[in-house]
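Undergrad: This is upload.cif (mmCIF, C-alpha atoms (C1' of nucleotides)).
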```cif
data_protein
#
loop_
_atom_site.label_atom_id
_atom_site.label_comp_id
_atom_site.auth_asym_id
_atom_site.auth_seq_id
_atom_site.Cartn_x
_atom_site.Cartn_y
_atom_site.Cartn_z
CA MET X 1318 11.47 -24.52 39.51
CA PRO X 1319 8.45 -23.74 37.34
CA THR X 1320 10.56 -23.25 34.25
CA THR X 1321 9.09 -26.25 32.49
CA GLY X 1322 5.58 -24.99 31.97
CA PRO X 1323 3.18 -22.84 33.96
CA GLU X 1324 0.29 -25.23 33.35
CA LEU X 1325 -1.34 -23.52 30.41
CA ARG X 1326 -5.09 -23.89 30.38
CA LEU X 1327 -6.07 -24.92 26.89
CA THR X 1328 -9.13 -22.81 26.23
CA PRO X 1329 -10.94 -23.13 22.88
CA GLN X 1330 -9.24 -19.98 21.64
CA ARG X 1331 -5.80 -21.20 22.53
CA ARG X 1332 -6.49 -24.57 21.07
CA ALA X 1333 -7.61 -22.94 17.83
CA VAL X 1334 -4.40 -20.93 17.62
CA LEU X 1335 -2.34 -24.00 18.31
CA GLU X 1336 -4.18 -25.97 15.66
CA VAL X 1337 -3.52 -23.29 13.08
CA LEU X 1338 0.17 -23.43 13.83
CA ARG X 1339 0.25 -27.21 13.79
CA GLY X 1340 -1.73 -27.36 10.59
CA CYS X 1341 0.48 -25.26 8.38
CA THR X 1342 3.96 -25.65 7.01
CA ASP X 1343 4.68 -22.01 6.34
CA HIS X 1344 5.52 -19.47 9.01
CA PRO X 1345 2.61 -17.10 9.42
CA THR X 1346 2.86 -13.66 10.95
CA ALA X 1347 0.57 -12.87 13.85
CA ALA X 1348 -1.77 -11.11 11.43
CA GLU X 1349 -1.93 -14.23 9.27
CA VAL X 1350 -2.60 -16.39 12.29
CA ILE X 1351 -5.48 -14.12 13.23
CA ASP X 1352 -6.95 -14.49 9.74
CA ARG X 1353 -6.67 -18.24 9.76
CA VAL X 1354 -7.95 -18.70 13.28
CA ARG X 1355 -11.03 -16.68 12.42
CA HIS X 1356 -12.02 -19.25 9.83
CA GLN X 1357 -12.67 -21.72 12.62
CA HIS X 1358 -13.38 -19.25 15.36
CA PRO X 1359 -14.90 -16.12 13.86
CA GLY X 1360 -15.28 -13.89 16.88
CA ILE X 1361 -11.80 -14.22 18.30
CA GLY X 1362 -10.11 -10.96 19.19
CA ALA X 1363 -6.68 -9.98 17.97
CA ALA X 1364 -5.42 -9.44 21.50
CA THR X 1365 -6.42 -12.97 22.39
CA VAL X 1366 -4.46 -14.37 19.47
CA TYR X 1367 -1.40 -12.33 20.42
CA ARG X 1368 -1.73 -13.50 24.00
CA SER X 1369 -2.18 -17.10 22.93
CA LEU X 1370 0.84 -16.98 20.66
CA GLY X 1371 2.90 -15.61 23.49
CA LEU X 1372 1.73 -18.31 25.86
CA LEU X 1373 2.34 -21.08 23.36
CA VAL X 1374 5.84 -19.83 22.73
CA GLU X 1375 6.46 -19.49 26.43
CA SER X 1376 5.26 -23.02 27.09
CA GLY X 1377 7.37 -24.44 24.32
CA GLN X 1378 4.54 -25.43 21.98
CA ALA X 1379 5.51 -22.98 19.26
CA LEU X 1380 8.52 -21.01 18.14
CA GLU X 1381 8.75 -17.33 17.44
CA LEU X 1382 11.02 -16.57 14.54
CA SER X 1383 12.77 -13.31 13.96
CA LEU X 1384 13.54 -13.58 10.34
CA GLY X 1385 15.45 -10.41 9.86
CA ASP X 1386 12.98 -8.54 7.75
CA GLY X 1387 12.46 -5.60 10.03
CA ALA X 1388 8.81 -6.47 10.03
CA SER X 1389 6.60 -8.65 12.13
CA ALA X 1390 7.40 -11.83 14.01
CA ARG X 1391 6.51 -15.15 12.49
CA TYR X 1392 5.38 -18.28 14.27
CA ASP X 1393 6.23 -21.89 13.76
CA GLY X 1394 4.30 -24.84 15.16
CA ASN X 1395 7.15 -27.18 14.39
CA THR X 1396 9.07 -27.25 17.63
CA THR X 1397 11.58 -29.88 16.62
CA HIS X 1398 15.00 -28.40 16.18
CA HIS X 1399 15.42 -27.12 12.69
CA ASP X 1400 16.71 -24.07 10.91
CA HIS X 1401 15.46 -21.85 8.12
CA VAL X 1402 16.27 -20.43 4.73
CA VAL X 1403 14.79 -16.99 4.38
CA CYS X 1404 14.17 -15.09 1.18
CA ASP X 1405 15.79 -11.67 1.25
CA THR X 1406 13.13 -10.27 -1.02
CA CYS X 1407 9.77 -11.69 0.03
CA GLY X 1408 10.55 -12.89 3.54
CA ARG X 1409 9.30 -16.40 2.94
CA ALA X 1410 10.95 -18.97 5.18
CA VAL X 1411 11.41 -22.64 4.55
CA ASP X 1412 12.41 -25.21 7.15
CA VAL X 1413 15.64 -27.05 6.74
CA PRO X 1414 16.79 -29.95 8.86
CA ARG X 1415 19.29 -29.12 11.51
CA LEU X 1416 22.91 -29.67 10.60
CA THR X 1417 24.81 -32.46 12.19
CA ALA X 1418 25.66 -30.06 14.90
CA SER X 1419 29.09 -31.11 15.99
CA PRO X 1420 31.19 -28.30 14.50
CA ILE X 1421 28.77 -25.73 15.82
CA THR X 1422 28.45 -27.17 19.29
CA THR X 1423 32.22 -27.33 19.46
CA ALA X 1424 32.26 -23.65 18.57
CA ALA X 1425 29.64 -22.99 21.23
CA ARG X 1426 31.92 -24.38 23.90
CA GLY X 1427 34.73 -22.12 22.75
CA ILE X 1428 32.41 -19.14 22.75
CA ALA X 1429 31.18 -19.91 26.24
CA HIS X 1430 34.76 -19.96 27.38
CA ASP X 1431 35.71 -16.72 25.62
CA THR X 1432 32.66 -14.63 26.44
CA GLY X 1433 31.38 -15.91 29.75
CA PHE X 1434 28.01 -16.71 28.20
CA ASP X 1435 26.11 -19.79 29.17
CA VAL X 1436 25.36 -20.79 25.60
CA THR X 1437 22.10 -22.72 25.43
CA GLY X 1438 21.52 -22.98 21.70
CA TYR X 1439 21.84 -21.36 18.37
CA ASP X 1440 19.84 -20.29 15.35
CA LEU X 1441 21.22 -20.76 11.94
CA ARG X 1442 19.51 -18.79 9.26
CA PHE X 1443 20.49 -19.15 5.65
CA HIS X 1444 19.40 -16.42 3.34
CA GLY X 1445 19.19 -15.76 -0.34
CA LEU X 1446 16.51 -15.65 -2.99
CA CYS X 1447 13.67 -18.11 -3.21
CA ALA X 1448 12.89 -19.67 -6.56
CA ASP X 1449 10.00 -17.29 -7.23
CA CYS X 1450 11.99 -14.18 -6.48
CA GLN X 1451 14.88 -15.41 -8.61
CA ARG X 1452 12.45 -15.50 -11.51
CA LEU X 1453 11.01 -12.09 -10.78
CA ASN X 1454 14.43 -10.65 -10.24
CA GLY X 1455 15.70 -12.00 -13.52
CA ALA X 1456 12.73 -10.47 -15.29
CA THR X 1457 13.30 -7.10 -13.65
CA ALA X 1458 17.02 -7.09 -14.38
CA GLU X 1459 16.33 -7.56 -18.07
CA ALA X 1460 14.00 -4.56 -18.26
CA MET Z 1263 24.43 -2.49 -12.31
CA PRO Z 1264 24.56 -0.02 -9.45
CA THR Z 1265 24.54 -2.74 -6.82
CA THR Z 1266 27.98 -1.81 -5.54
CA GLY Z 1267 27.14 1.53 -4.00
CA PRO Z 1268 24.95 4.43 -4.99
CA GLU Z 1269 27.70 6.97 -4.31
CA LEU Z 1270 26.73 8.00 -0.82
CA ARG Z 1271 27.53 11.61 -0.08
CA LEU Z 1272 29.23 11.72 3.28
CA THR Z 1273 27.56 14.68 4.96
CA PRO Z 1274 28.61 15.67 8.49
CA GLN Z 1275 25.56 13.95 9.91
CA ARG Z 1276 26.25 10.72 8.10
CA ARG Z 1277 29.88 10.85 9.03
CA ALA Z 1278 28.92 11.31 12.67
CA VAL Z 1279 26.65 8.29 12.57
CA LEU Z 1280 29.32 6.22 10.91
CA GLU Z 1281 31.87 7.30 13.49
CA VAL Z 1282 29.61 6.27 16.33
CA LEU Z 1283 29.24 2.83 14.81
CA ARG Z 1284 32.94 2.50 14.14
CA GLY Z 1285 33.82 3.71 17.59
CA CYS Z 1286 31.90 1.20 19.65
CA THR Z 1287 32.14 -2.53 20.14
CA ASP Z 1288 28.60 -3.11 21.30
CA HIS Z 1289 25.57 -3.16 19.06
CA PRO Z 1290 23.50 -0.08 19.71
CA THR Z 1291 19.86 0.24 18.83
CA ALA Z 1292 18.83 3.16 16.66
CA ALA Z 1293 17.78 5.03 19.79
CA GLU Z 1294 21.20 4.51 21.32
CA VAL Z 1295 22.88 5.66 18.15
CA ILE Z 1296 20.79 8.82 18.27
CA ASP Z 1297 21.89 9.48 21.84
CA ARG Z 1298 25.54 8.95 21.07
CA VAL Z 1299 25.53 10.94 17.87
CA ARG Z 1300 24.03 13.88 19.70
CA HIS Z 1301 27.07 14.10 21.92
CA GLN Z 1302 29.09 15.18 18.92
CA HIS Z 1303 26.29 16.65 16.90
CA PRO Z 1304 23.62 17.99 19.24
CA GLY Z 1305 20.98 19.18 16.84
CA ILE Z 1306 20.71 16.10 14.68
CA GLY Z 1307 17.19 14.85 14.06
CA ALA Z 1308 16.06 11.31 14.72
CA ALA Z 1309 14.84 10.91 11.16
CA THR Z 1310 18.26 11.83 9.86
CA VAL Z 1311 19.90 9.19 12.01
CA TYR Z 1312 17.42 6.56 10.86
CA ARG Z 1313 18.02 7.58 7.27
CA SER Z 1314 21.77 7.55 7.71
CA LEU Z 1315 21.71 4.12 9.30
CA GLY Z 1316 19.68 2.84 6.40
CA LEU Z 1317 22.08 4.31 3.88
CA LEU Z 1318 25.14 2.98 5.64
CA VAL Z 1319 23.63 -0.49 5.76
CA GLU Z 1320 22.64 -0.23 2.13
CA SER Z 1321 26.12 0.84 1.10
CA GLY Z 1322 27.74 -1.94 3.07
CA GLN Z 1323 29.38 0.22 5.73
CA ALA Z 1324 27.31 -1.16 8.58
CA LEU Z 1325 25.23 -4.19 9.38
CA GLU Z 1326 21.72 -4.31 10.69
CA LEU Z 1327 21.19 -7.11 13.16
CA SER Z 1328 17.90 -8.73 14.01
CA LEU Z 1329 18.70 -10.25 17.31
CA GLY Z 1330 15.49 -12.01 18.03
CA ASP Z 1331 14.29 -9.86 20.85
CA GLY Z 1332 11.08 -8.73 19.30
CA ALA Z 1333 12.31 -5.23 19.84
CA SER Z 1334 14.34 -2.77 17.86
CA ALA Z 1335 17.06 -3.37 15.30
CA ARG Z 1336 20.67 -3.06 16.31
CA TYR Z 1337 23.56 -1.79 14.26
CA ASP Z 1338 27.10 -3.00 13.89
CA GLY Z 1339 29.96 -1.02 12.41
CA ASN Z 1340 32.05 -4.14 12.11
CA THR Z 1341 31.35 -5.31 8.59
CA THR Z 1342 33.79 -8.19 8.53
CA HIS Z 1343 32.01 -11.49 8.55
CA HIS Z 1344 31.28 -12.54 12.07
CA ASP Z 1345 28.46 -13.95 14.13
CA HIS Z 1346 26.94 -13.15 17.50
CA VAL Z 1347 26.05 -14.55 20.89
CA VAL Z 1348 22.92 -12.91 22.18
CA CYS Z 1349 21.70 -12.84 25.76
CA ASP Z 1350 18.15 -14.17 26.05
CA THR Z 1351 17.48 -11.93 28.99
CA CYS Z 1352 19.04 -8.55 28.34
CA GLY Z 1353 19.52 -8.69 24.58
CA ARG Z 1354 23.19 -7.83 24.72
CA ALA Z 1355 25.13 -9.17 21.75
CA VAL Z 1356 28.79 -10.01 21.55
CA ASP Z 1357 30.73 -10.63 18.36
CA VAL Z 1358 32.25 -14.00 17.76
CA PRO Z 1359 34.58 -14.86 14.90
CA ARG Z 1360 33.05 -16.70 12.05
CA LEU Z 1361 33.32 -20.47 12.09
CA THR Z 1362 35.54 -22.20 9.65
CA ALA Z 1363 32.60 -22.33 7.37
CA SER Z 1364 33.05 -25.54 5.45
CA PRO Z 1365 30.37 -27.69 7.09
CA ILE Z 1366 27.87 -24.88 6.81
CA THR Z 1367 28.65 -23.98 3.23
CA THR Z 1368 28.35 -27.63 2.34
CA ALA Z 1369 24.94 -27.61 3.96
CA ALA Z 1370 24.06 -24.47 2.02
CA ARG Z 1371 24.67 -26.27 -1.25
CA GLY Z 1372 22.37 -29.08 -0.17
CA ILE Z 1373 19.71 -26.60 0.86
CA ALA Z 1374 19.94 -24.75 -2.43
CA HIS Z 1375 19.39 -28.04 -4.20
CA ASP Z 1376 16.47 -29.08 -2.01
CA THR Z 1377 14.59 -25.79 -1.80
CA GLY Z 1378 15.39 -23.98 -5.05
CA PHE Z 1379 16.79 -21.04 -3.09
CA ASP Z 1380 19.84 -19.20 -4.32
CA VAL Z 1381 21.57 -19.24 -0.95
CA THR Z 1382 23.84 -16.23 -0.60
CA GLY Z 1383 24.86 -16.41 3.03
CA TYR Z 1384 23.88 -17.26 6.53
CA ASP Z 1385 23.63 -15.83 10.00
CA LEU Z 1386 24.56 -17.91 12.95
CA ARG Z 1387 23.29 -16.65 16.24
CA PHE Z 1388 24.18 -18.35 19.46
CA HIS Z 1389 22.06 -17.57 22.44
CA GLY Z 1390 22.10 -18.10 26.14
CA LEU Z 1391 22.74 -16.02 29.23
CA CYS Z 1392 25.47 -13.46 29.49
CA ALA Z 1393 27.70 -13.49 32.55
CA ASP Z 1394 25.80 -10.62 34.20
CA CYS Z 1395 22.39 -12.19 33.71
CA GLN Z 1396 23.67 -15.52 34.99
CA ARG Z 1397 24.57 -13.73 38.20
CA LEU Z 1398 21.23 -11.95 38.43
CA ASN Z 1399 19.37 -15.10 37.57
CA GLY Z 1400 21.15 -17.07 40.25
CA ALA Z 1401 20.29 -14.38 42.77
CA THR Z 1402 16.63 -14.39 41.75
CA ALA Z 1403 16.37 -18.17 41.79
CA GLU Z 1404 17.54 -18.22 45.38
CA ALA Z 1405 14.86 -15.79 46.49
"C1'" DG J 263 -25.13 -21.97 43.73
"C1'" DT J 264 -21.72 -18.86 44.67
"C1'" DA J 265 -17.23 -16.45 45.14
"C1'" DG J 266 -12.97 -15.52 42.97
"C1'" DG J 267 -9.60 -15.77 39.87
"C1'" DA J 268 -8.61 -16.54 34.88
"C1'" DT J 269 -9.82 -15.36 30.24
"C1'" DT J 270 -11.83 -12.84 26.72
"C1'" DG J 271 -12.62 -9.06 23.31
"C1'" DA J 272 -12.72 -4.11 22.39
"C1'" DT J 273 -10.17 -0.29 22.75
"C1'" DA J 274 -6.60 2.83 23.78
"C1'" DA J 275 -1.83 3.37 24.34
"C1'" DT J 276 2.95 2.54 23.15
"C1'" DC J 277 6.92 1.88 20.54
"C1'" DG J 278 9.93 1.74 16.62
"C1'" DT J 279 10.16 3.23 12.18
"C1'" DT J 280 8.96 5.59 7.83
"C1'" DA J 281 6.74 9.23 5.03
"C1'" DT J 282 5.89 14.06 4.33
"C1'" DC J 283 7.24 18.62 3.66
"C1'" DA J 284 9.17 23.14 3.95
"C1'" DA J 285 13.66 25.08 4.75
"C1'" DT J 286 18.44 24.79 3.86
"C1'" DC J 287 22.64 23.27 1.85
"C1'" DC J 288 25.90 22.46 -1.86
"C1'" DG J 289 27.85 21.94 -6.38
"C1'" DA J 290 27.59 22.99 -11.47
"C1'" DG J 291 27.38 26.25 -14.72
"C1'" DC J 292 27.46 30.89 -15.94
"C1'" DG I 1084 30.33 35.70 -7.12
"C1'" DC I 1085 25.38 34.36 -8.24
"C1'" DT I 1086 21.83 31.38 -9.41
"C1'" DC I 1087 19.43 27.06 -10.19
"C1'" DG I 1088 18.21 22.47 -8.92
"C1'" DG I 1089 18.62 18.52 -6.74
"C1'" DA I 1090 20.06 16.43 -2.32
"C1'" DT I 1091 19.72 16.73 2.58
"C1'" DT I 1092 17.98 18.08 6.86
"C1'" DG I 1093 14.87 18.33 10.97
"C1'" DA I 1094 10.18 18.54 12.79
"C1'" DT I 1095 6.17 16.38 12.60
"C1'" DA I 1096 2.61 13.36 11.31
"C1'" DA I 1097 1.49 8.80 10.00
"C1'" DC I 1098 1.94 3.97 10.21
"C1'" DG I 1099 2.01 -0.93 11.63
"C1'" DA I 1100 2.89 -4.21 15.11
"C1'" DT I 1101 2.39 -5.21 19.68
"C1'" DT I 1102 1.00 -4.54 24.53
"C1'" DA I 1103 -1.73 -2.62 28.34
"C1'" DT I 1104 -6.23 -1.63 30.23
"C1'" DC I 1105 -10.66 -2.82 31.65
"C1'" DA I 1106 -15.32 -4.35 32.05
"C1'" DA I 1107 -17.83 -8.54 30.98
"C1'" DT I 1108 -17.81 -13.43 31.00
"C1'" DC I 1109 -16.33 -17.99 31.94
"C1'" DC I 1110 -14.61 -21.90 34.95
"C1'" DT I 1111 -13.37 -24.14 39.03
"C1'" DA I 1112 -13.43 -25.04 43.70
"C1'" DC I 1113 -15.95 -25.02 47.43
#
```
Translate the structure described by the file into structure tokens.

TA:
Amino acid sequence: MPTTGPELRLTPQRRAVLEVLRGCTDHPTAAEVIDRVRHQHPGIGAATVYRSLGLLVESGQALELSLGDGASARYDGNTTHHDHVVCDTCGRAVDVPRLTASPITTAARGIAHDTGFDVTGYDLRFHGLCADCQRLNGATAEA
Amino acid sequence: MPTTGPELRLTPQRRAVLEVLRGCTDHPTAAEVIDRVRHQHPGIGAATVYRSLGLLVESGQALELSLGDGASARYDGNTTHHDHVVCDTCGRAVDVPRLTASPITTAARGIAHDTGFDVTGYDLRFHGLCADCQRLNGATAEA
DNA sequence: GTAGGATTGATAATCGTTATCAATCCGAGC
DNA sequence: GCTCGGATTGATAACGATTATCAATCCTAC
């Protein structure tokens, strides 16, 4: 049962990618990760970063977020359970602590029963406008 | 304040797309919508379907779902508030009725306070394995 | 030290989606 | 009914993100 982790060899490139994810509190896209990794590791190829991100996600050391902007995936080095608020306008995501889960886990049991799914978790994504975009939006609306 | 709806002209093509969405309970990708629309409307161009989907979403007559598979967007003609269970393996999504929202809306207020976001809503996405993939998975695991 | 598999980086290929553009449609006004 | 003008269509090209390919290089085990 090799589900736990296929013994990921931590090469310098992979370590660099992991350190970028660990060392930031925002949720960079793959392109942003590539930029940042190249500060420490100039020659690294884009394919290597994509591969490393995939491996880190697969081995549970990072999360891949699909934040609903139709655009690119974002990555999160914070693997503790938490949710996000996402800005509808600029796509910025901020971590929020996970709810006291009881009402949702209760719902999950009901859903499992109704749908036949083996429900293993959930993602809760709040959305709205971040403080910056509220300001910009207000300015635009006045024009 | 034209937020409500920019008076969408309901051309035959757009009507056909809308009818496909209304007439199915799954959550087709754009490619699947194109296939289905062509049954009723053989000559329709892919660009037109993409445009129509965008307009329907914009005018509130359909929802665009980002279901976390890194892949393509899915569309939902059911615009009443509801959430989804998504299969981690095959990407299939099933509607689930919206939770009695109180604990979550309470959380939303706290989040708004903490992050400065104007929180306008949330998406709750359960995930796990659908009944079919549980079967397949069991079979594979035995091999 | 060597063989062999894993990893890398460059590049091409793929996929979903959006932009472009000429042709056509449709409604308002005559 | 006819004409004008903007909206819409469909084909195609363009685009951005991601993945596949492949030769060169690196480690590890022997």

Undergrad: Pull out every residue of chain Z that has at least one atom within 12 Å of chain I, counting all atoms listed in the file, and report them as a list in words.

TA: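 Therefore, the residues near the partner are Leu1270, Arg1271, Leu1272, Thr1273, Pro1274, Gln1275, Arg1276, Gly1305, Ile1306, Gly1307, Ala1308, Ala1309, Thr1310, Val1311, Arg1313, Ser1314, Gly1332, Ala1333 and Ser1334 of chain Z.
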
Undergrad: Would you mind telling me which residue in Z:Thr1351, Z:Ser1328, Z:Ser1321, Z:Thr1342 lies nearest to chain X when using all atoms listed in the file?

TA: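 Closest candidate: Z:Ser1328.
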
Undergrad: Please expand the PyMOL selection byres ((chain Z and resi 1285-1293) around 8) into the concrete residues it hits in this file, giving the result as a PyMOL selection string.

TA: chain Z and resi 1281-1284+1294-1297+1311-1312+1315+1334-1339+1354-1356

Undergrad: For this structure, which residues satisfy the selection - the PyMOL selection byres ((chain J) within 12 of (chain Z)) - when it is evaluated on the file as given? I want them as a PyMOL selection string.

TA: chain J and resi 277-282+287-288

Undergrad: May I ask which of the residues Z:Leu1398, Z:Leu1329, Z:Gln1323, Z:Thr1341 is the closest one to chain X, counting only C-alpha atoms?

TA: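 Using only C-alpha atoms, the shortest distance to chain X belongs to Z:Leu1329.
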
Undergrad: Pull the closest atom pair for each residue of chain X that gets at most 6 Å from chain Z, along with the distance in Å to one decimal, counting all atoms listed in the file, ordering rows by chain and then ascending residue number, as a tab-separated table.

TA:
```
residue	atom	partner	partner_atom	distance
X:Ser1383	CA	Z:Gly1330	CA	5.1
X:Gly1385	CA	Z:Ser1328	CA	5.1
X:Gly1433	CA	Z:Ala1393	CA	5.2
X:Phe1434	CA	Z:Cys1392	CA	4.3
X:Asp1435	CA	Z:Leu1391	CA	5.1
X:Val1436	CA	Z:Gly1390	CA	4.3
X:Thr1437	CA	Z:Gly1390	CA	4.7
X:Gly1438	CA	Z:His1389	CA	5.5
X:Tyr1439	CA	Z:Phe1388	CA	4.0
X:Asp1440	CA	Z:Arg1387	CA	5.1
X:Leu1441	CA	Z:Leu1386	CA	4.5
X:Arg1442	CA	Z:Asp1385	CA	5.1
X:Phe1443	CA	Z:Tyr1384	CA	4.0
X:His1444	CA	Z:Gly1383	CA	5.5
X:Gly1445	CA	Z:Val1381	CA	4.3
X:Leu1446	CA	Z:Asp1380	CA	5.0
X:Cys1447	CA	Z:Phe1379	CA	4.3
X:Ala1448	CA	Z:Gly1378	CA	5.2
```

Undergrad: Would you compute the distance between atom CA of Leu1317 of chain Z and atom CA of Arg1300 of chain Z? Give it in Å to one decimal.

TA: 18.6 Å

Undergrad: Between atom CA of Gln1302 of chain Z and atom CA of Val1279 of chain Z, what distance in Å does the model show, to one decimal?

TA: 9.7 Å
